[in-house]
$ cat entry.txt   # compact mmCIF, C-alpha atoms
# COMPACT_ATOMS: atom_id res chain seq x y z
CA GLY A 1167 49.77 -30.60 3.43
CA PHE A 1168 49.64 -30.97 -0.36
CA ASN A 1169 51.60 -32.63 -3.16
CA PRO A 1170 53.20 -30.06 -5.51
CA GLU A 1171 54.69 -32.56 -7.97
CA ASN A 1172 53.47 -32.31 -11.58
CA VAL A 1173 50.96 -29.56 -10.80
CA LEU A 1174 50.59 -26.41 -12.92
CA SER A 1175 48.95 -23.27 -11.54
CA VAL A 1176 47.42 -20.65 -13.81
CA ARG A 1177 45.98 -17.44 -12.36
CA LEU A 1178 43.16 -15.77 -14.25
CA GLU A 1179 41.36 -12.49 -13.61
CA LEU A 1180 38.06 -11.84 -15.38
CA PRO A 1181 37.43 -8.18 -16.32
CA ASP A 1182 34.39 -6.58 -14.71
CA SER A 1183 33.36 -5.06 -18.02
CA THR A 1184 32.86 -8.50 -19.58
CA TYR A 1185 31.88 -10.58 -16.55
CA PRO A 1186 30.08 -8.21 -14.15
CA GLU A 1187 27.72 -10.79 -12.60
CA ASP A 1188 28.46 -13.69 -10.30
CA ARG A 1189 26.64 -16.19 -12.52
CA GLN A 1190 28.80 -15.19 -15.51
CA GLN A 1191 32.00 -15.68 -13.52
CA ALA A 1192 30.87 -19.07 -12.21
CA ALA A 1193 29.80 -20.18 -15.71
CA PHE A 1194 33.16 -19.19 -17.21
CA PHE A 1195 35.23 -21.10 -14.65
CA GLN A 1196 32.92 -24.10 -14.86
CA GLU A 1197 33.36 -24.31 -18.64
CA ALA A 1198 37.11 -23.73 -18.33
CA LEU A 1199 37.45 -26.60 -15.85
CA THR A 1200 35.58 -28.92 -18.21
CA ARG A 1201 37.83 -27.97 -21.13
CA LEU A 1202 41.05 -28.27 -19.12
CA ALA A 1203 40.09 -31.76 -17.97
CA SER A 1204 40.02 -32.83 -21.64
CA VAL A 1205 43.63 -31.73 -22.36
CA PRO A 1206 45.85 -34.73 -23.20
CA GLY A 1207 48.17 -35.58 -20.32
CA VAL A 1208 45.96 -33.92 -17.69
CA LYS A 1209 44.95 -36.20 -14.79
CA SER A 1210 42.72 -33.81 -12.82
CA VAL A 1211 41.90 -30.10 -12.47
CA GLY A 1212 40.58 -27.72 -9.83
CA ALA A 1213 40.34 -24.03 -9.06
CA THR A 1214 40.71 -21.80 -6.01
CA THR A 1215 40.64 -18.14 -5.06
CA GLY A 1216 43.84 -18.61 -3.04
CA LEU A 1217 46.74 -20.95 -3.69
CA PRO A 1218 48.61 -22.58 -0.77
CA LEU A 1219 51.57 -20.65 0.69
CA THR A 1220 50.11 -17.32 -0.49
CA LEU A 1221 47.24 -16.53 1.90
CA SER A 1222 47.01 -14.14 4.85
CA LEU A 1223 44.88 -14.19 7.97
CA SER A 1224 41.91 -11.87 8.32
CA GLY A 1225 39.32 -11.22 10.99
CA SER A 1226 35.75 -12.24 10.26
CA ASP A 1227 32.29 -12.52 11.76
CA PHE A 1228 32.54 -16.30 11.75
CA ARG A 1229 30.03 -17.79 14.16
CA ILE A 1230 28.79 -21.27 14.99
CA GLU A 1231 25.06 -21.80 15.36
CA GLY A 1232 23.93 -22.20 18.94
CA ARG A 1233 26.99 -20.56 20.45
CA PRO A 1234 27.28 -17.05 21.90
CA GLU A 1235 28.68 -14.28 19.76
CA PRO A 1236 32.40 -13.56 20.37
CA GLU A 1237 33.20 -10.41 22.29
CA ALA A 1238 34.27 -7.31 20.39
CA GLY A 1239 37.94 -7.59 19.48
CA LYS A 1240 37.92 -11.36 20.01
CA GLU A 1241 36.43 -12.40 16.68
CA MET A 1242 37.57 -15.74 15.31
CA VAL A 1243 40.44 -15.27 12.86
CA ILE A 1244 40.39 -17.82 10.06
CA LEU A 1245 41.35 -18.37 6.44
CA THR A 1246 38.63 -18.53 3.78
CA ARG A 1247 38.53 -19.15 0.05
CA SER A 1248 36.32 -20.60 -2.67
CA VAL A 1249 37.31 -23.82 -4.42
CA SER A 1250 35.89 -26.03 -7.13
CA PRO A 1251 35.02 -29.72 -6.99
CA GLY A 1252 38.22 -31.67 -7.58
CA TYR A 1253 40.50 -29.05 -6.03
CA PHE A 1254 41.40 -31.16 -2.99
CA GLY A 1255 42.03 -34.28 -5.04
CA THR A 1256 44.18 -32.42 -7.58
CA LEU A 1257 46.47 -31.03 -4.89
CA GLY A 1258 46.47 -34.24 -2.86
CA ILE A 1259 44.75 -32.68 0.15
CA PRO A 1260 43.11 -35.61 1.99
CA LEU A 1261 39.40 -35.69 2.75
CA ARG A 1262 39.20 -36.72 6.41
CA LYS A 1263 35.45 -36.96 6.80
CA GLY A 1264 32.23 -36.16 4.98
CA ARG A 1265 32.20 -35.28 1.29
CA ASP A 1266 33.85 -33.03 -1.27
CA PHE A 1267 32.03 -30.28 -3.14
CA SER A 1268 30.14 -31.33 -6.27
CA ASP A 1269 28.44 -29.62 -9.19
CA ARG A 1270 25.20 -29.88 -7.20
CA ASP A 1271 26.48 -27.23 -4.74
CA LYS A 1272 25.08 -24.37 -6.84
CA SER A 1273 23.66 -21.01 -5.87
CA ASP A 1274 20.13 -22.45 -5.59
CA ALA A 1275 21.26 -25.35 -3.36
CA PRO A 1276 21.74 -25.21 0.43
CA ALA A 1277 25.01 -23.42 1.23
CA ALA A 1278 27.84 -25.87 1.95
CA ALA A 1279 31.22 -25.45 3.63
CA ILE A 1280 34.25 -27.64 4.20
CA ILE A 1281 36.54 -27.02 7.16
CA ASN A 1282 40.09 -28.14 7.86
CA ALA A 1283 41.19 -30.44 10.66
CA GLU A 1284 42.64 -27.55 12.69
CA LEU A 1285 39.29 -25.72 12.83
CA ALA A 1286 37.56 -28.96 13.82
CA ARG A 1287 40.13 -29.53 16.56
CA ILE A 1288 39.78 -26.02 18.01
CA TYR A 1289 36.04 -25.36 17.71
CA PHE A 1290 34.59 -28.90 17.73
CA PRO A 1291 36.92 -30.79 20.10
CA ASN A 1292 34.37 -33.25 21.46
CA GLU A 1293 31.70 -33.35 18.78
CA ASP A 1294 31.18 -34.17 15.12
CA PRO A 1295 31.15 -30.92 13.08
CA ILE A 1296 29.42 -32.51 10.07
CA SER A 1297 25.99 -30.86 9.53
CA LYS A 1298 26.78 -28.08 12.02
CA ARG A 1299 25.93 -24.63 10.68
CA ILE A 1300 28.17 -21.56 10.51
CA THR A 1301 27.69 -17.99 9.33
CA PHE A 1302 29.89 -15.16 8.06
CA ASP A 1303 27.26 -12.41 7.88
CA ASP A 1304 26.09 -12.24 11.48
CA GLY A 1305 23.38 -14.84 10.99
CA GLU A 1306 21.73 -13.49 7.84
CA SER A 1307 22.61 -16.70 6.03
CA TRP A 1308 23.91 -20.04 7.25
CA MET A 1309 25.93 -22.81 5.64
CA SER A 1310 26.25 -26.43 6.69
CA ILE A 1311 29.59 -28.15 7.18
CA VAL A 1312 29.70 -31.10 4.77
CA GLY A 1313 33.33 -32.22 5.04
CA ILE A 1314 36.67 -32.02 6.82
CA VAL A 1315 39.99 -31.93 4.94
CA GLY A 1316 43.61 -32.13 6.05
CA ASP A 1317 45.60 -29.09 7.14
CA VAL A 1318 47.65 -27.15 4.59
CA LYS A 1319 50.42 -24.62 5.25
CA GLN A 1320 48.69 -21.71 3.55
CA GLN A 1321 50.97 -18.93 4.82
CA GLY A 1322 54.37 -20.53 4.25
CA LEU A 1323 56.38 -23.59 5.22
CA ASP A 1324 57.48 -21.97 8.48
CA SER A 1325 53.91 -21.20 9.56
CA ASP A 1326 51.61 -23.54 11.45
CA ALA A 1327 48.26 -24.50 9.93
CA LYS A 1328 45.42 -22.12 10.78
CA PRO A 1329 41.66 -22.70 10.97
CA GLU A 1330 40.16 -22.63 7.47
CA VAL A 1331 36.79 -22.69 5.78
CA TYR A 1332 36.32 -23.54 2.10
CA PHE A 1333 33.27 -22.48 0.06
CA SER A 1334 31.95 -23.89 -3.20
CA TYR A 1335 32.93 -21.50 -5.99
CA LEU A 1336 29.47 -22.01 -7.51
CA GLN A 1337 27.95 -20.53 -4.34
CA ALA A 1338 30.68 -17.95 -3.70
CA PRO A 1339 32.06 -17.02 -7.15
CA ALA A 1340 34.91 -14.58 -7.66
CA PRO A 1341 36.39 -12.83 -10.73
CA THR A 1342 39.92 -14.00 -9.90
CA MET A 1343 40.81 -17.66 -9.49
CA SER A 1344 43.81 -19.92 -9.97
CA PHE A 1345 43.52 -23.22 -11.81
CA VAL A 1346 45.52 -26.18 -10.55
CA VAL A 1347 46.21 -28.82 -13.20
CA ARG A 1348 47.84 -32.16 -12.34
CA THR A 1349 49.66 -33.68 -15.30
CA VAL A 1350 51.31 -37.02 -15.99
CA SER A 1351 54.67 -35.36 -16.77
CA ASP A 1352 56.35 -31.93 -16.59
CA PRO A 1353 53.50 -29.50 -15.88
CA LEU A 1354 55.19 -26.61 -17.71
CA SER A 1355 54.92 -28.58 -20.95
CA ALA A 1356 51.12 -28.22 -20.70
CA VAL A 1357 51.11 -24.41 -20.45
CA GLY A 1358 50.42 -23.91 -24.15
CA ALA A 1359 47.53 -26.38 -24.25
CA VAL A 1360 46.02 -24.96 -21.04
CA LYS A 1361 46.16 -21.40 -22.34
CA GLY A 1362 44.70 -22.51 -25.66
CA GLN A 1363 41.67 -24.13 -24.01
CA ILE A 1364 40.99 -21.03 -21.90
CA GLN A 1365 41.26 -18.72 -24.89
CA THR A 1366 38.79 -20.81 -26.85
CA ILE A 1367 36.24 -19.47 -24.37
CA ASP A 1368 37.51 -15.87 -24.45
CA LYS A 1369 40.39 -15.07 -26.80
CA ASP A 1370 40.89 -11.61 -25.26
CA LEU A 1371 41.76 -12.83 -21.77
CA PRO A 1372 45.42 -12.25 -20.82
CA ILE A 1373 47.04 -15.33 -19.26
CA ASP A 1374 50.50 -14.47 -17.99
CA ASP A 1375 50.80 -15.94 -14.51
CA ALA A 1376 51.47 -19.64 -15.18
CA LYS A 1377 53.96 -21.56 -13.03
CA SER A 1378 54.38 -24.96 -11.47
CA MET A 1379 53.56 -25.54 -7.82
CA GLN A 1380 57.20 -26.50 -7.34
CA GLN A 1381 58.18 -23.00 -8.49
CA LEU A 1382 55.64 -21.52 -6.09
CA LEU A 1383 57.12 -23.63 -3.32
CA VAL A 1384 60.62 -22.36 -4.11
CA GLU A 1385 59.43 -18.73 -4.24
CA SER A 1386 57.66 -19.03 -0.91
CA SER A 1387 60.89 -20.10 0.80
CA SER A 1388 63.21 -17.75 -1.12
CA GLY A 1389 63.35 -15.26 1.75
CA ARG A 1390 64.38 -17.97 4.20
CA ARG A 1391 67.00 -19.30 1.79
CA PHE A 1392 68.45 -15.83 1.26
CA ASN A 1393 68.67 -15.23 5.00
CA THR A 1394 70.35 -18.62 5.45
CA LEU A 1395 72.81 -17.85 2.66
CA LEU A 1396 73.59 -14.46 4.20
CA LEU A 1397 74.07 -16.01 7.63
CA THR A 1398 76.36 -18.67 6.15
CA LEU A 1399 78.41 -15.98 4.38
CA PHE A 1400 78.82 -13.96 7.57
CA ALA A 1401 79.74 -17.10 9.52
CA THR A 1402 82.38 -17.99 6.90
CA VAL A 1403 83.87 -14.49 7.06
CA ALA A 1404 83.88 -14.67 10.87
CA VAL A 1405 85.73 -18.01 10.79
CA MET A 1406 88.28 -16.65 8.32
CA LEU A 1407 88.88 -13.57 10.49
CA ALA A 1408 89.26 -15.79 13.55
CA VAL A 1409 91.80 -18.01 11.75
CA VAL A 1410 93.80 -15.00 10.57
CA GLY A 1411 93.71 -13.53 14.08
CA ILE A 1412 94.86 -16.75 15.72
CA TYR A 1413 97.66 -17.15 13.16
CA GLY A 1414 98.81 -13.58 13.80
CA VAL A 1415 98.91 -14.04 17.56
CA MET A 1416 100.80 -17.35 17.32
CA SER A 1417 103.24 -15.93 14.77
CA TYR A 1418 103.97 -12.94 17.00
CA SER A 1419 104.45 -15.24 20.03
CA VAL A 1420 106.91 -17.45 18.13
CA THR A 1421 108.83 -14.42 16.87
CA GLN A 1422 109.18 -13.05 20.42
CA ARG A 1423 110.58 -16.39 21.67
CA THR A 1424 113.09 -16.84 18.81
CA HIS A 1425 116.67 -15.62 19.53

$ encode --input "entry.txt" --output "structure tokens"
Amino acid sequence: GFNPENVLSVRLELPDSTYPEDRQQAAFFQEALTRLASVPGVKSVGATTGLPLTLSLSGSDFRIEGRPEPEAGKEMVILTRSVSPGYFGTLGIPLRKGRDFSDRDKSDAPAAAIINAELARIYFPNEDPISKRITFDDGESWMSIVGIVGDVKQQGLDSDAKPEVYFSYLQAPAPTMSFVVRTVSDPLSAVGAVKGQIQTIDKDLPIDDAKSMQQLLVESSSGRRFNTLLLTLFATVAVMLAVVGIYGVMSYSVTQRTH
């Protein structure tokens, strides 16, 4: 569901003591994205509160305007996260319909949401979801669906795509986000420049979690690869024991028949 080639991910957590307010967090990440886009060799940048292959499902009060509330215990279970404009393009996640987020989707603008194709298929099978309104706080506030993007395996390569809703990070800021930076060559060669640009904004911020999306992809499947390796090892040992056993039986049979 995304293209991991030549993409660097950098996770950053803003301390509450320095950035206690939502507007401060949003302003920091907005400036950081602008600076990262100016780094030589960088093609595009984005940010998200949850990288692909790392998310988990959670229950929510997700509702669609004009439809009855779900029964207790049957709430819709979906994936949610905030992303910046340019996130989908940087990771190669296709925009199926509607529009991407823009810098106009700020806190004082009408709340916007982008859904994935799986959510559209399940909850809007015979209608156009664009401009439909959804809520996550039992109807206290509503957001309009402005776009539909392709499905991404957010929980691992062996997991099917789940319904997802994306928010604009300017309308739903968070103190912890991960930058995604697409480069023209080896993304790890840009780590120093990326860290330097971030620390020009705040030199005291620790930036330790930097890795390529290819590395993240490998890590996400490491458990499967270990299990496969273990299974292969056991199968090899079983074959060797079978060969030794067959040889022993045949050798004993030949010995018994030899005068």

$ atom_distance --input "entry.txt" --atom1 "CA of Ser1248 (chain A)" --atom2 "CA of Phe1333 (chain A)"
4.5 Å

$ atom_distance --input "entry.txt" --atom1 "CA of Leu1245 (chain A)" --atom2 "CA of Val1315 (chain A)"
13.7 Å

$ closest_residue --input "entry.txt" --among "A:Lys1298, A:Lys1319, A:Lys1272, A:Arg1348" --to "Phe1168 (chain A)" --atoms "all atoms listed in the file"
A:Lys1319

$ atom_distance --input "entry.txt" --atom1 "CA of Asp1304 (chain A)" --atom2 "CA of Glu1237 (chain A)"
13.1 Å

$ closest_residue --input "entry.txt" --among "A:Val1318, A:Met1379, A:Ile1280, A:Val1420" --to "Arg1177 (chain A)" --atoms "all atoms listed in the file"
A:Met1379

$ closest_atom_pairs --input "entry.txt" --of "region 1277-1348 of chain A" --to "region 1356-1362 of chain A" --cutoff "12 Å" --atoms "only C-alpha atoms" --output "JSON lines"
{"residue": "A:Phe1345", "atom": "CA", "partner": "A:Val1360", "partner_atom": "CA", "distance": 9.7}
{"residue": "A:Val1346", "atom": "CA", "partner": "A:Val1360", "partner_atom": "CA", "distance": 10.6}
{"residue": "A:Val1347", "atom": "CA", "partner": "A:Val1360", "partner_atom": "CA", "distance": 8.7}
{"residue": "A:Arg1348", "atom": "CA", "partner": "A:Ala1356", "partner_atom": "CA", "distance": 9.8}

$ write_last_selection --input "entry.txt" --atoms "C-alpha atoms" --output "PDB file, in the coordinates of the input"
ATOM      1  CA  PHE A1345      43.520 -23.220 -11.810  1.00  0.00           C
ATOM      2  CA  VAL A1346      45.520 -26.180 -10.550  1.00  0.00           C
ATOM      3  CA  VAL A1347      46.210 -28.820 -13.200  1.00  0.00           C
ATOM      4  CA  ARG A1348      47.840 -32.160 -12.340  1.00  0.00           C
TER       5      ARG A1348
END

$ closest_residue --input "entry.txt" --among "A:Val1205, A:Ala1193, A:Ala1198, A:Ile1364" --to "Leu1336 (chain A)" --atoms "all atoms listed in the file"
A:Ala1193

$ residues_around --input "entry.txt" --residues "Val1211 (chain A)" --least-positions-apart "5" --cutoff "10 Å" --atoms "all atoms listed in the file" --output "number ranges by chain"
A: 1173-1175, 1198-1204, 1250-1257, 1345-1349

$ decode --input "entry.txt" --residues "region 1260-1293 of chain A" --atoms "N, CA and C atoms" --output "PDB file, in the first residue's frame"
ATOM      1  N   PRO A1260      -1.892   6.262  -2.969  1.00  0.00           N
ATOM      2  CA  PRO A1260      -2.676   6.938  -4.016  1.00  0.00           C
ATOM      3  C   PRO A1260      -3.929   7.623  -3.478  1.00  0.00           C
ATOM      4  N   LEU A1261      -4.221   8.779  -4.018  1.00  0.00           N
ATOM      5  CA  LEU A1261      -5.470   9.484  -3.736  1.00  0.00           C
ATOM      6  C   LEU A1261      -6.513   9.001  -4.736  1.00  0.00           C
ATOM      7  N   ARG A1262      -7.527   8.292  -4.233  1.00  0.00           N
ATOM      8  CA  ARG A1262      -8.530   7.685  -5.108  1.00  0.00           C
ATOM      9  C   ARG A1262      -9.614   8.680  -5.537  1.00  0.00           C
ATOM     10  N   LYS A1263      -9.967   9.572  -4.642  1.00  0.00           N
ATOM     11  CA  LYS A1263     -11.051  10.504  -4.949  1.00  0.00           C
ATOM     12  C   LYS A1263     -10.957  11.693  -4.000  1.00  0.00           C
ATOM     13  N   GLY A1264     -11.474  12.832  -4.450  1.00  0.00           N
ATOM     14  CA  GLY A1264     -11.477  14.006  -3.590  1.00  0.00           C
ATOM     15  C   GLY A1264     -10.126  14.707  -3.595  1.00  0.00           C
ATOM     16  N   ARG A1265      -9.754  15.249  -2.441  1.00  0.00           N
ATOM     17  CA  ARG A1265      -8.526  16.029  -2.336  1.00  0.00           C
ATOM     18  C   ARG A1265      -7.685  15.610  -1.143  1.00  0.00           C
ATOM     19  N   ASP A1266      -6.434  16.036  -1.162  1.00  0.00           N
ATOM     20  CA  ASP A1266      -5.519  15.838  -0.045  1.00  0.00           C
ATOM     21  C   ASP A1266      -5.709  16.983   0.948  1.00  0.00           C
ATOM     22  N   PHE A1267      -5.132  16.845   2.139  1.00  0.00           N
ATOM     23  CA  PHE A1267      -5.117  17.950   3.084  1.00  0.00           C
ATOM     24  C   PHE A1267      -4.241  19.069   2.531  1.00  0.00           C
ATOM     25  N   SER A1268      -4.493  20.295   2.983  1.00  0.00           N
ATOM     26  CA  SER A1268      -3.678  21.441   2.599  1.00  0.00           C
ATOM     27  C   SER A1268      -3.447  22.303   3.827  1.00  0.00           C
ATOM     28  N   ASP A1269      -2.615  23.313   3.678  1.00  0.00           N
ATOM     29  CA  ASP A1269      -2.341  24.226   4.785  1.00  0.00           C
ATOM     30  C   ASP A1269      -3.564  25.039   5.177  1.00  0.00           C
ATOM     31  N   ARG A1270      -4.611  24.996   4.359  1.00  0.00           N
ATOM     32  CA  ARG A1270      -5.849  25.700   4.704  1.00  0.00           C
ATOM     33  C   ARG A1270      -6.670  24.944   5.740  1.00  0.00           C
ATOM     34  N   ASP A1271      -6.375  23.654   5.937  1.00  0.00           N
ATOM     35  CA  ASP A1271      -7.127  22.849   6.912  1.00  0.00           C
ATOM     36  C   ASP A1271      -6.587  23.099   8.318  1.00  0.00           C
ATOM     37  N   LYS A1272      -6.781  24.325   8.813  1.00  0.00           N
ATOM     38  CA  LYS A1272      -6.292  24.732  10.125  1.00  0.00           C
ATOM     39  C   LYS A1272      -7.384  24.591  11.180  1.00  0.00           C
ATOM     40  N   SER A1273      -7.032  24.952  12.397  1.00  0.00           N
ATOM     41  CA  SER A1273      -7.964  24.787  13.510  1.00  0.00           C
ATOM     42  C   SER A1273      -9.205  25.653  13.362  1.00  0.00           C
ATOM     43  N   ASP A1274      -9.088  26.791  12.634  1.00  0.00           N
ATOM     44  CA  ASP A1274     -10.241  27.672  12.465  1.00  0.00           C
ATOM     45  C   ASP A1274     -11.031  27.364  11.201  1.00  0.00           C
ATOM     46  N   ALA A1275     -10.632  26.328  10.463  1.00  0.00           N
ATOM     47  CA  ALA A1275     -11.343  25.926   9.245  1.00  0.00           C
ATOM     48  C   ALA A1275     -12.275  24.753   9.564  1.00  0.00           C
ATOM     49  N   PRO A1276     -13.261  24.495   8.714  1.00  0.00           N
ATOM     50  CA  PRO A1276     -14.127  23.324   8.933  1.00  0.00           C
ATOM     51  C   PRO A1276     -13.302  22.044   9.034  1.00  0.00           C
ATOM     52  N   ALA A1277     -13.639  21.203  10.002  1.00  0.00           N
ATOM     53  CA  ALA A1277     -12.879  19.968  10.233  1.00  0.00           C
ATOM     54  C   ALA A1277     -12.977  19.049   9.025  1.00  0.00           C
ATOM     55  N   ALA A1278     -11.820  18.531   8.588  1.00  0.00           N
ATOM     56  CA  ALA A1278     -11.765  17.670   7.404  1.00  0.00           C
ATOM     57  C   ALA A1278     -11.215  16.303   7.774  1.00  0.00           C
ATOM     58  N   ALA A1279     -11.620  15.300   7.031  1.00  0.00           N
ATOM     59  CA  ALA A1279     -11.147  13.928   7.244  1.00  0.00           C
ATOM     60  C   ALA A1279     -10.960  13.255   5.899  1.00  0.00           C
ATOM     61  N   ILE A1280     -10.004  12.356   5.838  1.00  0.00           N
ATOM     62  CA  ILE A1280      -9.782  11.513   4.665  1.00  0.00           C
ATOM     63  C   ILE A1280      -9.910  10.066   5.101  1.00  0.00           C
ATOM     64  N   ILE A1281     -10.644   9.272   4.352  1.00  0.00           N
ATOM     65  CA  ILE A1281     -10.849   7.867   4.704  1.00  0.00           C
ATOM     66  C   ILE A1281     -10.128   6.983   3.689  1.00  0.00           C
ATOM     67  N   ASN A1282      -9.927   5.717   4.064  1.00  0.00           N
ATOM     68  CA  ASN A1282      -9.306   4.800   3.108  1.00  0.00           C
ATOM     69  C   ASN A1282     -10.387   4.038   2.329  1.00  0.00           C
ATOM     70  N   ALA A1283      -9.960   3.343   1.303  1.00  0.00           N
ATOM     71  CA  ALA A1283     -10.897   2.654   0.422  1.00  0.00           C
ATOM     72  C   ALA A1283     -11.676   1.568   1.150  1.00  0.00           C
ATOM     73  N   GLU A1284     -11.044   0.935   2.154  1.00  0.00           N
ATOM     74  CA  GLU A1284     -11.726  -0.128   2.895  1.00  0.00           C
ATOM     75  C   GLU A1284     -12.905   0.425   3.692  1.00  0.00           C
ATOM     76  N   LEU A1285     -12.715   1.585   4.331  1.00  0.00           N
ATOM     77  CA  LEU A1285     -13.835   2.188   5.075  1.00  0.00           C
ATOM     78  C   LEU A1285     -14.951   2.585   4.117  1.00  0.00           C
ATOM     79  N   ALA A1286     -14.585   3.131   2.966  1.00  0.00           N
ATOM     80  CA  ALA A1286     -15.603   3.508   1.979  1.00  0.00           C
ATOM     81  C   ALA A1286     -16.374   2.277   1.505  1.00  0.00           C
ATOM     82  N   ARG A1287     -15.661   1.169   1.316  1.00  0.00           N
ATOM     83  CA  ARG A1287     -16.307  -0.052   0.832  1.00  0.00           C
ATOM     84  C   ARG A1287     -17.283  -0.605   1.862  1.00  0.00           C
ATOM     85  N   ILE A1288     -16.908  -0.547   3.142  1.00  0.00           N
ATOM     86  CA  ILE A1288     -17.734  -1.153   4.190  1.00  0.00           C
ATOM     87  C   ILE A1288     -18.927  -0.262   4.558  1.00  0.00           C
ATOM     88  N   TYR A1289     -18.670   1.026   4.762  1.00  0.00           N
ATOM     89  CA  TYR A1289     -19.703   1.907   5.309  1.00  0.00           C
ATOM     90  C   TYR A1289     -20.404   2.771   4.270  1.00  0.00           C
ATOM     91  N   PHE A1290     -19.865   2.853   3.049  1.00  0.00           N
ATOM     92  CA  PHE A1290     -20.521   3.611   1.979  1.00  0.00           C
ATOM     93  C   PHE A1290     -20.542   2.779   0.699  1.00  0.00           C
ATOM     94  N   PRO A1291     -21.137   1.580   0.739  1.00  0.00           N
ATOM     95  CA  PRO A1291     -21.034   0.666  -0.403  1.00  0.00           C
ATOM     96  C   PRO A1291     -21.738   1.153  -1.668  1.00  0.00           C
ATOM     97  N   ASN A1292     -22.820   1.903  -1.505  1.00  0.00           N
ATOM     98  CA  ASN A1292     -23.599   2.302  -2.673  1.00  0.00           C
ATOM     99  C   ASN A1292     -23.799   3.810  -2.742  1.00  0.00           C
ATOM    100  N   GLU A1293     -22.867   4.558  -2.164  1.00  0.00           N
ATOM    101  CA  GLU A1293     -22.994   6.010  -2.185  1.00  0.00           C
ATOM    102  C   GLU A1293     -21.613   6.648  -2.168  1.00  0.00           C
TER     103      GLU A1293
END
